[in-house]
$ cat query-v4.pdb   # PDB, C-alpha atoms, pLDDT in the B column
ATOM      1  CA  LYS A  39     124.650 113.033 -63.163  1.00 57.00           C
ATOM      2  CA  ASP A  40     125.750 110.730 -65.942  1.00 65.00           C
ATOM      3  CA  VAL A  41     125.384 112.551 -69.272  1.00 63.00           C
ATOM      4  CA  SER A  42     123.887 109.429 -70.890  1.00 70.00           C
ATOM      5  CA  SER A  43     120.783 109.853 -68.715  1.00 70.00           C
ATOM      6  CA  LEU A  44     120.111 113.380 -70.022  1.00 69.00           C
ATOM      7  CA  THR A  45     117.588 114.040 -72.767  1.00 73.00           C
ATOM      8  CA  LYS A  46     118.377 116.310 -75.711  1.00 72.00           C
ATOM      9  CA  ARG A  47     115.768 119.058 -76.045  1.00 76.00           C
ATOM     10  CA  GLY A  48     114.874 121.197 -79.033  1.00 77.00           C
ATOM     11  CA  THR A  49     116.482 121.723 -82.399  1.00 78.00           C
ATOM     12  CA  PRO A  50     120.170 122.652 -82.576  1.00 81.00           C
ATOM     13  CA  LEU A  51     120.912 126.162 -83.837  1.00 86.00           C
ATOM     14  CA  GLN A  52     123.283 125.501 -86.713  1.00 87.00           C
ATOM     15  CA  LYS A  53     124.881 128.292 -88.707  1.00 88.00           C
ATOM     16  CA  HIS A  54     128.359 128.793 -87.266  1.00 92.00           C
ATOM     17  CA  THR A  55     131.354 127.745 -89.327  1.00 90.00           C
ATOM     18  CA  GLY A  56     133.852 127.774 -86.449  1.00 93.00           C
ATOM     19  CA  GLU A  57     133.990 126.630 -82.859  1.00 96.00           C
ATOM     20  CA  VAL A  58     131.394 128.530 -80.786  1.00 96.00           C
ATOM     21  CA  THR A  59     133.319 130.501 -78.162  1.00 97.00           C
ATOM     22  CA  ALA A  60     130.632 132.347 -76.171  1.00 97.00           C
ATOM     23  CA  LEU A  61     126.885 132.831 -75.881  1.00 96.00           C
ATOM     24  CA  ALA A  62     124.437 134.913 -73.894  1.00 97.00           C
ATOM     25  CA  PHE A  63     120.661 135.216 -73.605  1.00 97.00           C
ATOM     26  CA  SER A  64     119.146 138.673 -74.048  1.00 97.00           C
ATOM     27  CA  PRO A  65     117.648 140.173 -70.861  1.00 97.00           C
ATOM     28  CA  THR A  66     114.207 139.871 -72.489  1.00 95.00           C
ATOM     29  CA  GLY A  67     114.705 136.139 -73.096  1.00 96.00           C
ATOM     30  CA  THR A  68     113.708 136.490 -76.758  1.00 96.00           C
ATOM     31  CA  HIS A  69     117.180 136.229 -78.324  1.00 96.00           C
ATOM     32  CA  LEU A  70     120.409 134.310 -77.954  1.00 96.00           C
ATOM     33  CA  GLY A  71     123.704 135.797 -79.071  1.00 96.00           C
ATOM     34  CA  SER A  72     126.549 133.492 -80.094  1.00 97.00           C
ATOM     35  CA  CYS A  73     130.026 134.051 -81.496  1.00 96.00           C
ATOM     36  CA  ASP A  74     132.779 131.852 -82.857  1.00 97.00           C
ATOM     37  CA  ALA A  75     136.424 131.343 -83.724  1.00 97.00           C
ATOM     38  CA  ALA A  76     135.681 132.061 -87.413  1.00 96.00           C
ATOM     39  CA  ARG A  77     134.824 135.730 -86.556  1.00 96.00           C
ATOM     40  CA  GLN A  78     131.038 135.234 -86.815  1.00 95.00           C
ATOM     41  CA  VAL A  79     128.445 136.762 -84.503  1.00 97.00           C
ATOM     42  CA  ILE A  80     124.841 135.559 -84.693  1.00 96.00           C
ATOM     43  CA  ALA A  81     121.761 136.895 -82.901  1.00 96.00           C
ATOM     44  CA  TRP A  82     119.133 134.137 -82.858  1.00 95.00           C
ATOM     45  CA  GLU A  83     115.409 134.805 -82.527  1.00 94.00           C
ATOM     46  CA  LEU A  84     114.439 132.025 -80.132  1.00 93.00           C
ATOM     47  CA  ALA A  85     110.771 131.769 -81.113  1.00 92.00           C
ATOM     48  CA  SER A  86     111.642 130.946 -84.725  1.00 92.00           C
ATOM     49  CA  HIS A  87     115.178 129.489 -84.214  1.00 91.00           C
ATOM     50  CA  ALA A  88     116.249 131.835 -87.024  1.00 93.00           C
ATOM     51  CA  PRO A  89     119.083 134.361 -87.114  1.00 94.00           C
ATOM     52  CA  VAL A  90     118.077 138.029 -87.018  1.00 91.00           C
ATOM     53  CA  SER A  91     120.289 138.533 -90.095  1.00 82.00           C
ATOM     54  CA  SER A  92     123.104 136.764 -91.870  1.00 78.00           C
ATOM     55  CA  ALA A  93     126.140 136.211 -89.657  1.00 80.00           C
ATOM     56  CA  TRP A  94     127.924 139.425 -88.708  1.00 93.00           C
ATOM     57  CA  THR A  95     131.687 139.434 -89.358  1.00 94.00           C
ATOM     58  CA  ALA A  96     133.259 142.775 -88.373  1.00 95.00           C
ATOM     59  CA  HIS A  97     135.980 141.174 -86.238  1.00 96.00           C
ATOM     60  CA  LYS A  98     139.366 140.362 -87.787  1.00 97.00           C
ATOM     61  CA  ALA A  99     140.008 137.333 -85.532  1.00 97.00           C
ATOM     62  CA  LYS A 100     138.294 134.966 -83.069  1.00 97.00           C
ATOM     63  CA  VAL A 101     135.393 136.505 -81.127  1.00 98.00           C
ATOM     64  CA  SER A 102     135.762 135.662 -77.448  1.00 97.00           C
ATOM     65  CA  THR A 103     132.998 137.382 -75.476  1.00 98.00           C
ATOM     66  CA  ILE A 104     129.448 138.684 -75.912  1.00 98.00           C
ATOM     67  CA  ALA A 105     127.051 140.810 -73.818  1.00 98.00           C
ATOM     68  CA  TRP A 106     123.553 142.304 -74.190  1.00 98.00           C
ATOM     69  CA  ALA A 107     122.313 145.794 -73.336  1.00 98.00           C
ATOM     70  CA  PRO A 108     119.435 145.915 -70.816  1.00 98.00           C
ATOM     71  CA  SER A 109     116.836 146.499 -73.578  1.00 97.00           C
ATOM     72  CA  GLY A 110     117.846 143.329 -75.442  1.00 96.00           C
ATOM     73  CA  LYS A 111     118.100 145.352 -78.673  1.00 96.00           C
ATOM     74  CA  ILE A 112     121.881 145.847 -78.682  1.00 96.00           C
ATOM     75  CA  LEU A 113     124.731 143.448 -78.143  1.00 96.00           C
ATOM     76  CA  ALA A 114     128.473 143.894 -77.978  1.00 98.00           C
ATOM     77  CA  THR A 115     131.231 141.453 -78.841  1.00 98.00           C
ATOM     78  CA  GLY A 116     134.929 141.447 -78.095  1.00 98.00           C
ATOM     79  CA  GLY A 117     137.710 139.514 -79.711  1.00 97.00           C
ATOM     80  CA  VAL A 118     141.363 138.642 -79.796  1.00 97.00           C
ATOM     81  CA  ASP A 119     141.687 141.344 -82.494  1.00 98.00           C
ATOM     82  CA  SER A 120     141.416 143.891 -79.619  1.00 98.00           C
ATOM     83  CA  SER A 121     138.133 145.258 -81.012  1.00 98.00           C
ATOM     84  CA  ILE A 122     134.737 145.731 -79.429  1.00 98.00           C
ATOM     85  CA  VAL A 123     131.857 145.702 -81.921  1.00 98.00           C
ATOM     86  CA  VAL A 124     128.388 146.940 -80.981  1.00 98.00           C
ATOM     87  CA  TRP A 125     125.479 145.469 -82.981  1.00 97.00           C
ATOM     88  CA  SER A 126     121.777 146.337 -83.267  1.00 95.00           C
ATOM     89  CA  ILE A 127     119.090 143.703 -83.789  1.00 94.00           C
ATOM     90  CA  VAL A 128     116.694 146.501 -84.757  1.00 93.00           C
ATOM     91  CA  GLN A 129     119.063 147.729 -87.494  1.00 93.00           C
ATOM     92  CA  PRO A 130     121.180 144.615 -88.268  1.00 92.00           C
ATOM     93  CA  GLU A 131     123.217 146.400 -90.946  1.00 90.00           C
ATOM     94  CA  GLU A 132     124.501 148.945 -88.387  1.00 91.00           C
ATOM     95  CA  ASN A 133     127.476 148.462 -86.070  1.00 95.00           C
ATOM     96  CA  ILE A 134     130.075 150.457 -84.172  1.00 96.00           C
ATOM     97  CA  ASN A 135     133.649 149.160 -84.151  1.00 97.00           C
ATOM     98  CA  LEU A 136     135.929 150.244 -81.305  1.00 97.00           C
ATOM     99  CA  ARG A 137     139.296 149.157 -82.712  1.00 97.00           C
ATOM    100  CA  LEU A 138     142.306 148.582 -80.464  1.00 97.00           C
ATOM    101  CA  ALA A 139     140.164 148.860 -77.332  1.00 97.00           C
ATOM    102  CA  HIS A 140     142.646 146.745 -75.296  1.00 98.00           C
ATOM    103  CA  ASP A 141     146.185 145.590 -76.029  1.00 97.00           C
ATOM    104  CA  GLY A 142     146.233 141.823 -76.459  1.00 96.00           C
ATOM    105  CA  GLY A 143     142.495 141.307 -76.876  1.00 97.00           C
ATOM    106  CA  ILE A 144     139.176 141.611 -75.070  1.00 98.00           C
ATOM    107  CA  THR A 145     138.419 139.199 -72.214  1.00 98.00           C
ATOM    108  CA  ALA A 146     134.989 140.333 -70.945  1.00 98.00           C
ATOM    109  CA  LEU A 147     132.174 142.808 -71.614  1.00 98.00           C
ATOM    110  CA  SER A 148     129.239 144.021 -69.548  1.00 98.00           C
ATOM    111  CA  PHE A 149     126.654 146.739 -70.103  1.00 98.00           C
ATOM    112  CA  LEU A 150     126.301 149.212 -67.237  1.00 97.00           C
ATOM    113  CA  SER A 151     123.366 150.878 -69.016  1.00 97.00           C
ATOM    114  CA  GLU A 152     121.932 151.013 -72.524  1.00 96.00           C
ATOM    115  CA  ASP A 153     124.821 153.161 -73.770  1.00 96.00           C
ATOM    116  CA  ILE A 154     127.712 152.374 -71.403  1.00 98.00           C
ATOM    117  CA  ILE A 155     129.874 149.262 -71.801  1.00 98.00           C
ATOM    118  CA  LEU A 156     132.556 148.033 -69.427  1.00 98.00           C
ATOM    119  CA  SER A 157     135.384 145.995 -70.930  1.00 98.00           C
ATOM    120  CA  THR A 158     138.409 144.109 -69.711  1.00 98.00           C
ATOM    121  CA  GLY A 159     141.387 142.917 -71.649  1.00 98.00           C
ATOM    122  CA  HIS A 160     144.759 141.232 -71.567  1.00 97.00           C
ATOM    123  CA  ASP A 161     146.265 144.650 -70.782  1.00 97.00           C
ATOM    124  CA  ALA A 162     144.992 144.312 -67.169  1.00 97.00           C
ATOM    125  CA  CYS A 163     142.642 147.304 -67.557  1.00 97.00           C
ATOM    126  CA  VAL A 164     138.933 147.859 -67.030  1.00 98.00           C
ATOM    127  CA  LYS A 165     137.616 150.514 -69.403  1.00 98.00           C
ATOM    128  CA  THR A 166     134.299 152.315 -69.863  1.00 98.00           C
ATOM    129  CA  TRP A 167     132.845 153.174 -73.261  1.00 98.00           C
ATOM    130  CA  ARG A 168     129.840 155.333 -74.174  1.00 97.00           C
ATOM    131  CA  VAL A 169     128.236 154.134 -77.411  1.00 95.00           C
ATOM    132  CA  GLN A 170     125.115 155.057 -79.316  1.00 91.00           C
ATOM    133  CA  ILE A 171     123.781 153.013 -82.196  1.00 84.00           C
TER     134      ILE A 171
END

$ encode --input "query-v4.pdb" --output "structure tokens"
Amino acid sequence: KDVSSLTKRGTPLQKHTGEVTALAFSPTGTHLGSCDAARQVIAWELASHAPVSSAWTAHKAKVSTIAWAPSGKILATGGVDSSIVVWSIVQPEENINLRLAHDGGITALSFLSEDIILSTGHDACVKTWRVQI
């Protein structure tokens, strides 16, 4: 379909300061997680179009991937800084930082359960992490 025939819907979510690199809806459908090249991670409350808290910035470089836990209360992000950061929308000031999780950076994340994360990286490995926040 020609893009000119499409209709823009809703209000843009604007808070990022860098290029948005990844996004994911929570399993509950109530939140959207987004991350960017300026190290920011934002969990948006979709009903209000407002961030859960100010932008999270625990990564030291571009954030490249994002995933939600099955409950929709926890999300994890991975970046080119080789870190995985686990965030809580219930306690936005809390996070867990798994530094140097993969050599060369994180390429993908997926939750196996509420406390188990699978990750892949440029080191050609798939790893499993147990986290509790």

$ closest_residue --input "query-v4.pdb" --among "A:Ala114, A:Ala88, A:Leu150, A:Ile127" --to "Ala62 in chain A" --atoms "all atoms listed in the file"
A:Ala114

$ resolve_selection --input "query-v4.pdb" --expression "the PyMOL selection byres ((chain A and resi 101) around 10)" --output "PDB file with C-alpha atoms, keeping the file's coordinate frame"
ATOM      1  CA  VAL A  58     131.394 128.530 -80.786  1.00 96.00           C
ATOM      2  CA  THR A  59     133.319 130.501 -78.162  1.00 97.00           C
ATOM      3  CA  ALA A  60     130.632 132.347 -76.171  1.00 97.00           C
ATOM      4  CA  SER A  72     126.549 133.492 -80.094  1.00 97.00           C
ATOM      5  CA  CYS A  73     130.026 134.051 -81.496  1.00 96.00           C
ATOM      6  CA  ASP A  74     132.779 131.852 -82.857  1.00 97.00           C
ATOM      7  CA  ALA A  75     136.424 131.343 -83.724  1.00 97.00           C
ATOM      8  CA  ALA A  76     135.681 132.061 -87.413  1.00 96.00           C
ATOM      9  CA  ARG A  77     134.824 135.730 -86.556  1.00 96.00           C
ATOM     10  CA  GLN A  78     131.038 135.234 -86.815  1.00 95.00           C
ATOM     11  CA  VAL A  79     128.445 136.762 -84.503  1.00 97.00           C
ATOM     12  CA  THR A  95     131.687 139.434 -89.358  1.00 94.00           C
ATOM     13  CA  ALA A  96     133.259 142.775 -88.373  1.00 95.00           C
ATOM     14  CA  HIS A  97     135.980 141.174 -86.238  1.00 96.00           C
ATOM     15  CA  LYS A  98     139.366 140.362 -87.787  1.00 97.00           C
ATOM     16  CA  ALA A  99     140.008 137.333 -85.532  1.00 97.00           C
ATOM     17  CA  LYS A 100     138.294 134.966 -83.069  1.00 97.00           C
ATOM     18  CA  SER A 102     135.762 135.662 -77.448  1.00 97.00           C
ATOM     19  CA  THR A 103     132.998 137.382 -75.476  1.00 98.00           C
ATOM     20  CA  ILE A 104     129.448 138.684 -75.912  1.00 98.00           C
ATOM     21  CA  THR A 115     131.231 141.453 -78.841  1.00 98.00           C
ATOM     22  CA  GLY A 116     134.929 141.447 -78.095  1.00 98.00           C
ATOM     23  CA  GLY A 117     137.710 139.514 -79.711  1.00 97.00           C
ATOM     24  CA  VAL A 118     141.363 138.642 -79.796  1.00 97.00           C
ATOM     25  CA  ASP A 119     141.687 141.344 -82.494  1.00 98.00           C
ATOM     26  CA  SER A 120     141.416 143.891 -79.619  1.00 98.00           C
ATOM     27  CA  SER A 121     138.133 145.258 -81.012  1.00 98.00           C
ATOM     28  CA  ILE A 122     134.737 145.731 -79.429  1.00 98.00           C
ATOM     29  CA  VAL A 123     131.857 145.702 -81.921  1.00 98.00           C
ATOM     30  CA  GLY A 143     142.495 141.307 -76.876  1.00 97.00           C
ATOM     31  CA  ILE A 144     139.176 141.611 -75.070  1.00 98.00           C
ATOM     32  CA  THR A 145     138.419 139.199 -72.214  1.00 98.00           C
TER      33      THR A 145
END

$ resolve_selection --input "query-v4.pdb" --expression "the PyMOL selection byres ((chain A and resi 91) around 10)" --output "PyMOL selection string"
chain A and resi 80-83+88-90+92-94+127+129-131

$ resolve_selection --input "query-v4.pdb" --expression "the PyMOL selection byres ((chain A and resi 125) around 6)" --output "PyMOL selection string"
chain A and resi 112-113+124+126+133

$ atom_distance --input "query-v4.pdb" --atom1 "CA of Ile155 in chain A" --atom2 "CA of Gly71 in chain A"
16.5 Å

$ atom_distance --input "query-v4.pdb" --atom1 "CA of Gln170 in chain A" --atom2 "CA of Glu152 in chain A"
8.5 Å

$ closest_residue --input "query-v4.pdb" --among "A:Thr66, A:Ser86, A:Asp141, A:Glu132" --to "Ile171 in chain A" --atoms "all atoms listed in the file"
A:Glu132

$ atom_distance --input "query-v4.pdb" --atom1 "CA of Gly142 in chain A" --atom2 "CA of His160 in chain A"
5.1 Å

$ closest_residue --input "query-v4.pdb" --among "A:Ala105, A:Ile134, A:Val128, A:Ala85" --to "Ala146 in chain A" --atoms "only C-alpha atoms"
A:Ala105

$ closest_residue --input "query-v4.pdb" --among "A:Pro65, A:Phe149, A:Leu70, A:Ala139" --to "Cys163 in chain A" --atoms "only C-alpha atoms"
A:Ala139
